[in-house]
file target-v9.cif (mmCIF, C-alpha atoms)
data_final
#
loop_
_atom_site.group_PDB
_atom_site.id
_atom_site.type_symbol
_atom_site.label_atom_id
_atom_site.label_comp_id
_atom_site.auth_asym_id
_atom_site.auth_seq_id
_atom_site.Cartn_x
_atom_site.Cartn_y
_atom_site.Cartn_z
ATOM 1 C CA MET A 1255 0.000 0.000 0.000
ATOM 2 C CA ILE A 1256 1.362 3.456 -0.932
ATOM 3 C CA PRO A 1257 1.518 5.670 2.186
ATOM 4 C CA LEU A 1258 -0.779 8.665 2.089
ATOM 5 C CA ASP A 1259 1.075 11.969 1.787
ATOM 6 C CA GLN A 1260 0.344 13.414 5.186
ATOM 7 C CA LEU A 1261 1.061 16.966 4.062
ATOM 8 C CA GLN A 1262 -1.825 16.767 1.572
ATOM 9 C CA LEU A 1263 -4.250 16.290 4.463
ATOM 10 C CA PHE A 1264 -3.253 19.601 6.002
ATOM 11 C CA LYS A 1265 -3.330 21.874 2.962
ATOM 12 C CA SER A 1266 -4.602 25.426 3.551
ATOM 13 C CA SER A 1267 -6.168 25.656 6.980
ATOM 14 C CA GLY A 1268 -6.238 21.869 7.465
ATOM 15 C CA PRO A 1269 -8.839 19.890 9.423
ATOM 16 C CA ALA A 1270 -10.295 21.561 12.500
ATOM 17 C CA SER A 1271 -9.961 18.306 14.427
ATOM 18 C CA TYR A 1272 -9.350 14.648 13.779
ATOM 19 C CA ASP A 1273 -9.997 11.211 15.206
ATOM 20 C CA VAL A 1274 -7.490 9.128 17.158
ATOM 21 C CA ASN A 1275 -7.070 5.374 16.824
ATOM 22 C CA SER A 1276 -5.231 4.111 19.889
ATOM 23 C CA ILE A 1277 -5.156 0.978 22.018
ATOM 24 C CA ASN A 1278 -7.679 2.416 24.451
ATOM 25 C CA GLY A 1279 -9.930 3.626 21.631
ATOM 26 C CA ARG A 1280 -10.020 7.338 22.386
ATOM 27 C CA LYS A 1281 -13.262 9.004 21.388
ATOM 28 C CA ARG A 1282 -13.810 10.597 18.007
ATOM 29 C CA HIS A 1283 -13.772 14.337 17.456
ATOM 30 C CA VAL A 1284 -15.571 14.653 14.132
ATOM 31 C CA PRO A 1285 -19.300 13.693 14.143
ATOM 32 C CA ASP A 1286 -19.772 13.751 10.355
ATOM 33 C CA THR A 1287 -21.852 11.048 8.647
ATOM 34 C CA ARG A 1288 -21.989 12.547 5.102
ATOM 35 C CA PRO A 1289 -25.139 10.556 4.226
ATOM 36 C CA ARG A 1290 -25.173 11.561 0.562
ATOM 37 C CA LEU A 1291 -21.855 9.846 -0.142
ATOM 38 C CA SER A 1292 -21.105 6.153 -0.184
ATOM 39 C CA ALA A 1293 -19.559 4.873 3.029
ATOM 40 C CA GLY A 1294 -16.155 4.503 1.380
ATOM 41 C CA ALA A 1295 -16.251 8.012 -0.075
ATOM 42 C CA ALA A 1296 -17.341 9.497 3.256
ATOM 43 C CA LEU A 1297 -14.482 7.786 5.086
ATOM 44 C CA LYS A 1298 -11.982 9.353 2.676
ATOM 45 C CA PHE A 1299 -12.870 12.719 4.219
ATOM 46 C CA ARG A 1300 -12.361 11.593 7.796
ATOM 47 C CA ILE A 1301 -8.898 12.194 9.203
ATOM 48 C CA VAL A 1302 -7.458 9.887 11.849
ATOM 49 C CA ASP A 1303 -4.201 9.782 13.779
ATOM 50 C CA ASP A 1304 -3.404 6.062 13.860
ATOM 51 C CA ARG A 1305 -1.232 4.978 16.773
ATOM 52 C CA VAL A 1306 -1.686 1.207 16.419
ATOM 53 C CA PHE A 1307 -0.661 0.299 12.841
ATOM 54 C CA SER A 1308 1.837 3.204 12.843
ATOM 55 C CA MET A 1309 0.187 4.856 9.841
ATOM 56 C CA GLY A 1310 0.188 8.240 11.560
ATOM 57 C CA ILE A 1311 -2.076 10.892 10.056
ATOM 58 C CA THR A 1312 -4.192 9.228 7.383
ATOM 59 C CA THR A 1313 -7.849 8.687 6.460
ATOM 60 C CA TRP A 1314 -10.214 6.199 8.019
ATOM 61 C CA LYS A 1315 -10.694 4.507 4.654
ATOM 62 C CA SER A 1316 -6.957 3.885 4.265
ATOM 63 C CA LEU A 1317 -6.691 2.634 7.830
ATOM 64 C CA ILE A 1318 -9.681 0.282 7.537
ATOM 65 C CA ASP A 1319 -8.464 -1.021 4.167
ATOM 66 C CA LEU A 1320 -5.098 -1.856 5.740
ATOM 67 C CA ALA A 1321 -6.791 -3.608 8.651
ATOM 68 C CA ILE A 1322 -9.023 -5.697 6.371
ATOM 69 C CA ASP A 1323 -6.148 -6.569 4.043
ATOM 70 C CA THR A 1324 -4.193 -7.875 7.047
ATOM 71 C CA GLY A 1325 -7.019 -10.151 8.191
ATOM 72 C CA HIS A 1326 -9.041 -7.925 10.556
ATOM 73 C CA THR A 1327 -12.523 -8.758 9.311
ATOM 74 C CA GLU A 1328 -14.658 -9.316 12.432
ATOM 75 C CA LEU A 1329 -16.886 -6.491 13.675
ATOM 76 C CA VAL A 1330 -17.281 -6.468 17.463
ATOM 77 C CA ALA A 1331 -19.154 -4.206 19.867
ATOM 78 C CA SER A 1332 -17.053 -1.859 21.990
ATOM 79 C CA ASP A 1333 -17.926 -0.763 25.528
ATOM 80 C CA ASP A 1334 -20.143 2.054 24.251
ATOM 81 C CA GLU A 1335 -21.793 -0.196 21.621
ATOM 82 C CA ARG A 1336 -19.842 1.350 18.778
ATOM 83 C CA ALA A 1337 -18.282 -1.249 16.475
ATOM 84 C CA GLY A 1338 -14.631 -2.244 16.574
ATOM 85 C CA LEU A 1339 -12.638 -4.386 14.143
ATOM 86 C CA ARG A 1340 -10.388 -7.370 14.901
ATOM 87 C CA LYS A 1341 -9.158 -10.689 13.505
ATOM 88 C CA PRO A 1342 -11.709 -13.507 13.880
ATOM 89 C CA GLY A 1343 -11.095 -15.445 17.087
ATOM 90 C CA PHE A 1344 -8.843 -12.792 18.636
ATOM 91 C CA LEU A 1345 -9.664 -10.799 21.762
ATOM 92 C CA TYR A 1346 -7.606 -7.734 20.876
ATOM 93 C CA ALA A 1347 -9.154 -5.194 18.471
ATOM 94 C CA PRO A 1348 -6.567 -2.835 16.921
ATOM 95 C CA LEU A 1349 -9.449 -0.643 15.762
ATOM 96 C CA PRO A 1350 -11.478 -0.604 18.997
ATOM 97 C CA ARG A 1351 -13.832 2.237 18.084
ATOM 98 C CA LEU A 1352 -14.824 2.872 14.478
ATOM 99 C CA PRO A 1353 -16.391 6.132 13.234
ATOM 100 C CA ASP A 1354 -19.836 6.538 11.695
ATOM 101 C CA ARG A 1355 -20.400 4.443 8.555
ATOM 102 C CA ALA A 1356 -17.209 2.437 9.051
ATOM 103 C CA ALA A 1357 -19.063 -0.788 9.919
ATOM 104 C CA GLU A 1358 -21.190 -0.227 6.821
ATOM 105 C CA TYR A 1359 -18.017 0.076 4.737
ATOM 106 C CA VAL A 1360 -16.484 -3.054 6.294
ATOM 107 C CA LYS A 1361 -19.592 -5.065 5.363
ATOM 108 C CA THR A 1362 -19.396 -3.721 1.805
ATOM 109 C CA ARG A 1363 -15.737 -4.751 1.496
ATOM 110 C CA LEU A 1364 -16.496 -8.204 2.913
ATOM 111 C CA LEU A 1365 -19.355 -8.681 0.443
ATOM 112 C CA ALA A 1366 -17.044 -7.994 -2.500
ATOM 113 C CA MET A 1367 -14.298 -10.192 -1.037
ATOM 114 C CA GLY A 1368 -16.755 -12.982 -0.291
ATOM 115 C CA ALA A 1369 -18.200 -12.903 -3.795
ATOM 116 C CA ALA A 1370 -14.691 -13.139 -5.269
ATOM 117 C CA ALA A 1371 -13.837 -16.065 -2.984
ATOM 118 C CA TYR A 1372 -17.125 -17.774 -3.852
ATOM 119 C CA LEU A 1373 -16.604 -17.399 -7.601
ATOM 120 C CA SER A 1374 -12.970 -18.506 -7.446
ATOM 121 C CA LYS A 1375 -14.164 -22.018 -6.605
ATOM 122 C CA ARG A 1376 -16.553 -22.172 -9.582
ATOM 123 C CA ALA A 1377 -16.058 -21.983 -13.351
ATOM 124 C CA ASN A 1378 -19.150 -19.865 -13.998
ATOM 125 C CA PRO A 1379 -21.164 -17.182 -12.159
ATOM 126 C CA ARG A 1380 -23.455 -18.911 -9.701
ATOM 127 C CA LYS A 1381 -27.222 -18.473 -9.767
ATOM 128 C CA VAL A 1382 -29.332 -18.507 -6.615
ATOM 129 C CA SER A 1383 -33.090 -18.918 -7.084
ATOM 130 C CA THR A 1384 -36.034 -18.027 -4.857
ATOM 131 C CA VAL A 1385 -39.706 -18.692 -5.612
ATOM 132 C CA LEU A 1386 -41.962 -15.660 -5.126
ATOM 133 C CA THR A 1387 -45.757 -15.449 -5.040
ATOM 134 C CA ASP A 1388 -48.033 -15.324 -8.114
ATOM 135 C CA GLY A 1389 -45.783 -17.515 -10.218
ATOM 136 C CA LYS A 1390 -42.766 -15.220 -10.108
ATOM 137 C CA ASN A 1391 -39.212 -16.447 -9.624
ATOM 138 C CA LEU A 1392 -36.169 -14.525 -8.387
ATOM 139 C CA VAL A 1393 -32.716 -15.425 -9.692
ATOM 140 C CA ALA A 1394 -29.622 -13.662 -8.361
ATOM 141 C CA VAL A 1395 -26.523 -14.151 -10.524
ATOM 142 C CA ILE A 1396 -23.336 -13.591 -8.518
ATOM 143 C CA LYS A 1397 -20.628 -11.696 -10.410
ATOM 144 C CA ASP A 1398 -17.313 -10.111 -9.477
ATOM 145 C CA ASP A 1399 -18.718 -6.611 -8.985
ATOM 146 C CA CYS A 1400 -22.471 -7.014 -8.678
ATOM 147 C CA LEU A 1401 -25.518 -9.186 -8.215
ATOM 148 C CA VAL A 1402 -27.662 -9.416 -11.336
ATOM 149 C CA ILE A 1403 -31.264 -9.605 -10.155
ATOM 150 C CA GLN A 1404 -33.686 -11.332 -12.545
ATOM 151 C CA ILE A 1405 -37.393 -11.605 -11.734
ATOM 152 C CA THR A 1406 -39.280 -13.762 -14.188
ATOM 153 C CA SER A 1407 -42.914 -14.665 -14.731
ATOM 154 C CA MET A 1408 -44.865 -16.712 -17.247
ATOM 155 C CA VAL A 1409 -47.176 -13.795 -18.093
ATOM 156 C CA GLU A 1410 -45.126 -10.619 -17.498
ATOM 157 C CA ASP A 1411 -41.902 -9.020 -18.679
ATOM 158 C CA THR A 1412 -38.668 -10.104 -17.043
ATOM 159 C CA ILE A 1413 -37.234 -7.566 -14.619
ATOM 160 C CA ARG A 1414 -33.436 -7.348 -14.790
ATOM 161 C CA TRP A 1415 -31.465 -5.116 -12.421
ATOM 162 C CA GLU A 1416 -27.818 -4.937 -11.363
ATOM 163 C CA LEU A 1417 -27.049 -4.293 -7.711
ATOM 164 C CA LYS A 1418 -23.392 -3.301 -7.314
ATOM 165 C CA HIS A 1419 -21.573 -4.784 -4.319
ATOM 166 C CA CYS A 1420 -20.479 -1.277 -3.315
ATOM 167 C CA ALA A 1421 -24.118 -0.131 -3.313
ATOM 168 C CA PHE A 1422 -25.532 -3.005 -1.255
ATOM 169 C CA PRO A 1423 -27.659 -1.447 1.525
ATOM 170 C CA PHE A 1424 -25.834 -2.024 4.808
ATOM 171 C CA THR A 1425 -25.912 -0.069 8.078
ATOM 172 C CA ASP A 1426 -23.648 0.458 11.075
ATOM 173 C CA GLY A 1427 -26.124 -1.605 13.097
ATOM 174 C CA ASP A 1428 -26.833 -5.289 13.595
ATOM 175 C CA ASP A 1429 -28.468 -7.826 11.297
ATOM 176 C CA ASN A 1430 -31.970 -6.557 12.069
ATOM 177 C CA GLU A 1431 -30.986 -2.988 11.147
ATOM 178 C CA ASP A 1432 -29.484 -4.249 7.890
ATOM 179 C CA LEU A 1433 -32.704 -6.109 7.070
ATOM 180 C CA LYS A 1434 -34.821 -3.009 7.728
ATOM 181 C CA LYS A 1435 -32.650 -0.931 5.421
ATOM 182 C CA ILE A 1436 -32.620 -3.457 2.603
ATOM 183 C CA ARG A 1437 -36.410 -3.769 2.744
ATOM 184 C CA SER A 1438 -36.916 -0.036 2.331
ATOM 185 C CA SER A 1439 -34.024 0.509 -0.085
ATOM 186 C CA ILE A 1440 -34.682 -2.388 -2.460
ATOM 187 C CA ALA A 1441 -38.367 -1.497 -2.784
ATOM 188 C CA VAL A 1442 -37.608 2.109 -3.728
ATOM 189 C CA ARG A 1443 -34.739 1.302 -6.079
ATOM 190 C CA LEU A 1444 -36.483 -1.565 -7.854
ATOM 191 C CA LYS A 1445 -39.593 0.534 -8.466
ATOM 192 C CA ALA A 1446 -37.452 3.393 -9.779
ATOM 193 C CA HIS A 1447 -35.589 1.004 -12.088
ATOM 194 C CA MET A 1448 -38.830 -0.459 -13.437
ATOM 195 C CA LYS A 1449 -40.213 3.020 -14.113
ATOM 196 C CA GLU A 1450 -37.009 4.146 -15.815
ATOM 197 C CA THR A 1451 -36.852 1.110 -18.089
ATOM 198 C CA GLY A 1452 -40.581 1.072 -18.825
ATOM 199 C CA THR A 1453 -41.075 -2.429 -17.442
ATOM 200 C CA LEU A 1454 -44.749 -3.399 -17.433
ATOM 201 C CA ALA A 1455 -44.359 -6.033 -14.728
ATOM 202 C CA SER A 1456 -45.556 -5.314 -11.195
ATOM 203 C CA LEU A 1457 -44.378 -6.300 -7.717
ATOM 204 C CA ASP A 1458 -46.580 -6.251 -4.641
ATOM 205 C CA LYS A 1459 -45.452 -5.640 -1.046
ATOM 206 C CA MET A 1460 -45.124 -9.340 -0.266
ATOM 207 C CA GLN A 1461 -42.960 -9.977 -3.328
ATOM 208 C CA LEU A 1462 -40.746 -6.988 -2.524
ATOM 209 C CA ARG A 1463 -40.408 -8.286 1.034
ATOM 210 C CA ASP A 1464 -39.422 -11.758 -0.223
ATOM 211 C CA ILE A 1465 -36.872 -10.259 -2.637
ATOM 212 C CA SER A 1466 -35.347 -8.166 0.139
ATOM 213 C CA GLN A 1467 -35.168 -11.151 2.496
ATOM 214 C CA ALA A 1468 -33.532 -13.323 -0.180
ATOM 215 C CA LEU A 1469 -30.906 -10.670 -0.990
ATOM 216 C CA HIS A 1470 -30.245 -10.099 2.703
ATOM 217 C CA GLU A 1471 -29.567 -13.802 3.260
ATOM 218 C CA LEU A 1472 -27.421 -14.003 0.134
ATOM 219 C CA GLY A 1473 -25.384 -11.019 1.327
ATOM 220 C CA ARG A 1474 -24.785 -12.705 4.688
ATOM 221 C CA ARG A 1475 -23.646 -15.907 3.010
ATOM 222 C CA LEU A 1476 -21.249 -14.130 0.664
ATOM 223 C CA ARG A 1477 -19.713 -12.071 3.494
ATOM 224 C CA ALA A 1478 -19.132 -15.303 5.417
ATOM 225 C CA CYS A 1479 -17.025 -16.550 2.496
ATOM 226 C CA ALA A 1480 -14.554 -13.723 3.146
ATOM 227 C CA LEU A 1481 -13.902 -14.685 6.772
#

call {"tool": "encode", "arguments": {"input": "target-v9.cif", "output": "structure tokens"}}
result
Amino acid sequence: MIPLDQLQLFKSSGPASYDVNSINGRKRHVPDTRPRLSAGAALKFRIVDDRVFSMGITTWKSLIDLAIDTGHTELVASDDERAGLRKPGFLYAPLPRLPDRAAEYVKTRLLAMGAAAYLSKRANPRKVSTVLTDGKNLVAVIKDDCLVIQITSMVEDTIRWELKHCAFPFTDGDDNEDLKKIRSSIAVRLKAHMKETGTLASLDKMQLRDISQALHELGRRLRACAL
């Protein structure tokens, strides 16, 4: 990994304050969630003084990427219920207190890594099928960078939609929070996609709920492949 030029982080007036990553997990200084950016993009704007991996002044994205690339892939709850990051099976967490949206970003990275690990054991992209109501069938094709969602029916147009791994709807919360987000997000995004492409097919609330549940479970399984 190429070290980040620390001087670039302090151009002009520089950051008003920054986070600290230390063994005792000192508290953050910058409560900025940047909800309109992806988690990875938001973490590029967050400055941290790393005192564990000896990266010094860097960004949270660079620090988390280094941690993941060196095997720190397990999210754990800290004393104040904020997530930390450690190697699976280890007690010590070198990132004991992650900032906002960091757990979301870790899950996104693990999804992409898990999909790559899953596909590396197979010659072709793998299809996962789920039967919906009213004769519809959901097929999710796993690819290197996305899930290709195909919803077919005997009497209606086929709905085809690509869900990028980096855009999979995760949260900083637990599995239940992730499920809530995917249910609301998938419904909105699928409807928008169908309107944009002029698809005549329709999906009711139960079908959208089943699709969300199936994608949620598939996401969990793929992330497990990265551990």

call {"tool": "residues_around", "arguments": {"input": "target-v9.cif", "residues": "A:Thr1425", "least_positions_apart": "6", "cutoff": "8 Å", "atoms": "all atoms listed in the file", "output": "list in words"}}
result
Arg1355, Ala1357, Glu1358, Glu1431, Asp1432 and Lys1435 of chain A

call {"tool": "axis_aligned_box", "arguments": {"input": "target-v9.cif", "around": "stretch 1329-1338 of chain A", "padding_each_side": "8 Å", "output": "lines of an AutoDock Vina configuration file"}}
result
center_x = -18.2
center_y = -2.2
center_z = 19.6
size_x = 23.2
size_y = 24.5
size_z = 27.9

call {"tool": "resolve_selection", "arguments": {"input": "target-v9.cif", "expression": "the PyMOL selection byres ((chain A and resi 1362) around 9)", "output": "VMD selection string"}}
result
chain A and resid 1293 to 1294 1357 to 1361 1363 to 1367 1419 to 1424 1477

call {"tool": "write_last_selection", "arguments": {"input": "target-v9.cif", "atoms": "C-alpha atoms", "output": "PDB file, keeping the file's coordinate frame"}}
result
ATOM      1  CA  ALA A1293     -19.559   4.873   3.029  1.00  0.00           C
ATOM      2  CA  GLY A1294     -16.155   4.503   1.380  1.00  0.00           C
ATOM      3  CA  ALA A1357     -19.063  -0.788   9.919  1.00  0.00           C
ATOM      4  CA  GLU A1358     -21.190  -0.227   6.821  1.00  0.00           C
ATOM      5  CA  TYR A1359     -18.017   0.076   4.737  1.00  0.00           C
ATOM      6  CA  VAL A1360     -16.484  -3.054   6.294  1.00  0.00           C
ATOM      7  CA  LYS A1361     -19.592  -5.065   5.363  1.00  0.00           C
ATOM      8  CA  ARG A1363     -15.737  -4.751   1.496  1.00  0.00           C
ATOM      9  CA  LEU A1364     -16.496  -8.204   2.913  1.00  0.00           C
ATOM     10  CA  LEU A1365     -19.355  -8.681   0.443  1.00  0.00           C
ATOM     11  CA  ALA A1366     -17.044  -7.994  -2.500  1.00  0.00           C
ATOM     12  CA  MET A1367     -14.298 -10.192  -1.037  1.00  0.00           C
ATOM     13  CA  HIS A1419     -21.573  -4.784  -4.319  1.00  0.00           C
ATOM     14  CA  CYS A1420     -20.479  -1.277  -3.315  1.00  0.00           C
ATOM     15  CA  ALA A1421     -24.118  -0.131  -3.313  1.00  0.00           C
ATOM     16  CA  PHE A1422     -25.532  -3.005  -1.255  1.00  0.00           C
ATOM     17  CA  PRO A1423     -27.659  -1.447   1.525  1.00  0.00           C
ATOM     18  CA  PHE A1424     -25.834  -2.024   4.808  1.00  0.00           C
ATOM     19  CA  ARG A1477     -19.713 -12.071   3.494  1.00  0.00           C
TER      20      ARG A1477
END

call {"tool": "closest_residue", "arguments": {"input": "target-v9.cif", "among": "A:Asp1388, A:Asp1304, A:Asp1319, A:Glu1328", "to": "A:Leu1457", "atoms": "only C-alpha atoms"}}
result
A:Asp1388

call {"tool": "resolve_selection", "arguments": {"input": "target-v9.cif", "expression": "the PyMOL selection byres ((chain A and resi 1475) around 12)", "output": "list in words"}}
result
Lys1361, Leu1364, Leu1365, Ala1366, Met1367, Gly1368, Ala1369, Ala1371, Tyr1372, Val1382, Ile1396, Ala1468, Leu1469, His1470, Glu1471, Leu1472, Gly1473, Arg1474, Leu1476, Arg1477, Ala1478, Cys1479, Ala1480 and Leu1481 of chain A

call {"tool": "closest_residue", "arguments": {"input": "target-v9.cif", "among": "A:Ser1439, A:Thr1453, A:Thr1384, A:Asn1430", "to": "A:Arg1414", "atoms": "only C-alpha atoms"}}
result
A:Thr1453

call {"tool": "atom_distance", "arguments": {"input": "target-v9.cif", "atom1": "atom CA of A:Asp1334", "atom2": "atom CA of A:Phe1307"}}
result
22.6 Å

call {"tool": "atom_distance", "arguments": {"input": "target-v9.cif", "atom1": "atom CA of A:Arg1300", "atom2": "atom CA of A:Asp1273"}}
result
7.8 Å

call {"tool": "residues_around", "arguments": {"input": "target-v9.cif", "residues": "A:Ala1455", "least_positions_apart": "3", "cutoff": "10 Å", "atoms": "only C-alpha atoms", "output": "mmCIF file with C-alpha atoms, in the coordinates of the input"}}
result
data_model
loop_
_atom_site.group_PDB
_atom_site.id
_atom_site.type_symbol
_atom_site.label_atom_id
_atom_site.label_comp_id
_atom_site.auth_asym_id
_atom_site.auth_seq_id
_atom_site.Cartn_x
_atom_site.Cartn_y
_atom_site.Cartn_z
ATOM 1 C CA ILE A 1405 -37.393 -11.605 -11.734
ATOM 2 C CA THR A 1406 -39.280 -13.762 -14.188
ATOM 3 C CA SER A 1407 -42.914 -14.665 -14.731
ATOM 4 C CA VAL A 1409 -47.176 -13.795 -18.093
ATOM 5 C CA GLU A 1410 -45.126 -10.619 -17.498
ATOM 6 C CA ASP A 1411 -41.902 -9.020 -18.679
ATOM 7 C CA THR A 1412 -38.668 -10.104 -17.043
ATOM 8 C CA ILE A 1413 -37.234 -7.566 -14.619
ATOM 9 C CA MET A 1448 -38.830 -0.459 -13.437
ATOM 10 C CA LYS A 1449 -40.213 3.020 -14.113
ATOM 11 C CA GLY A 1452 -40.581 1.072 -18.825
#

call {"tool": "closest_residue", "arguments": {"input": "target-v9.cif", "among": "A:Asp1458, A:Ser1276, A:Ser1316, A:Leu1349", "to": "A:Lys1390", "atoms": "all atoms listed in the file"}}
result
A:Asp1458

call {"tool": "atom_distance", "arguments": {"input": "target-v9.cif", "atom1": "atom CA of A:Thr1451", "atom2": "atom CA of A:Gln1404"}}
result
14.0 Å

call {"tool": "residues_around", "arguments": {"input": "target-v9.cif", "residues": "A:Ala1441", "least_positions_apart": "6", "cutoff": "9 Å", "atoms": "all atoms listed in the file", "output": "MDAnalysis selection string"}}
result
chainID A and resid 1459 1462:1463 1465:1466

call {"tool": "residues_around", "arguments": {"input": "target-v9.cif", "residues": "A:Ser1308", "least_positions_apart": "5", "cutoff": "12 Å", "atoms": "all atoms listed in the file", "output": "PyMOL selection string"}}
result
chain A and resi 1257+1274-1277+1302-1303+1317+1320-1321+1348

call {"tool": "resolve_selection", "arguments": {"input": "target-v9.cif", "expression": "the PyMOL selection byres ((chain A and resi 1403) around 7)", "output": "VMD selection string"}}
result
chain A and resid 1393 to 1395 1401 to 1402 1404 to 1405 1414 to 1416

call {"tool": "write_last_selection", "arguments": {"input": "target-v9.cif", "atoms": "C-alpha atoms", "output": "JSON list (two decimals), keeping the file's coordinate frame"}}
result
[["chain", "number", "residue", "atom", "x", "y", "z"],
["A", 1393, "VAL", "CA", -32.72, -15.42, -9.69],
["A", 1394, "ALA", "CA", -29.62, -13.66, -8.36],
["A", 1395, "VAL", "CA", -26.52, -14.15, -10.52],
["A", 1401, "LEU", "CA", -25.52, -9.19, -8.22],
["A", 1402, "VAL", "CA", -27.66, -9.42, -11.34],
["A", 1404, "GLN", "CA", -33.69, -11.33, -12.54],
["A", 1405, "ILE", "CA", -37.39, -11.60, -11.73],
["A", 1414, "ARG", "CA", -33.44, -7.35, -14.79],
["A", 1415, "TRP", "CA", -31.46, -5.12, -12.42],
["A", 1416, "GLU", "CA", -27.82, -4.94, -11.36]]
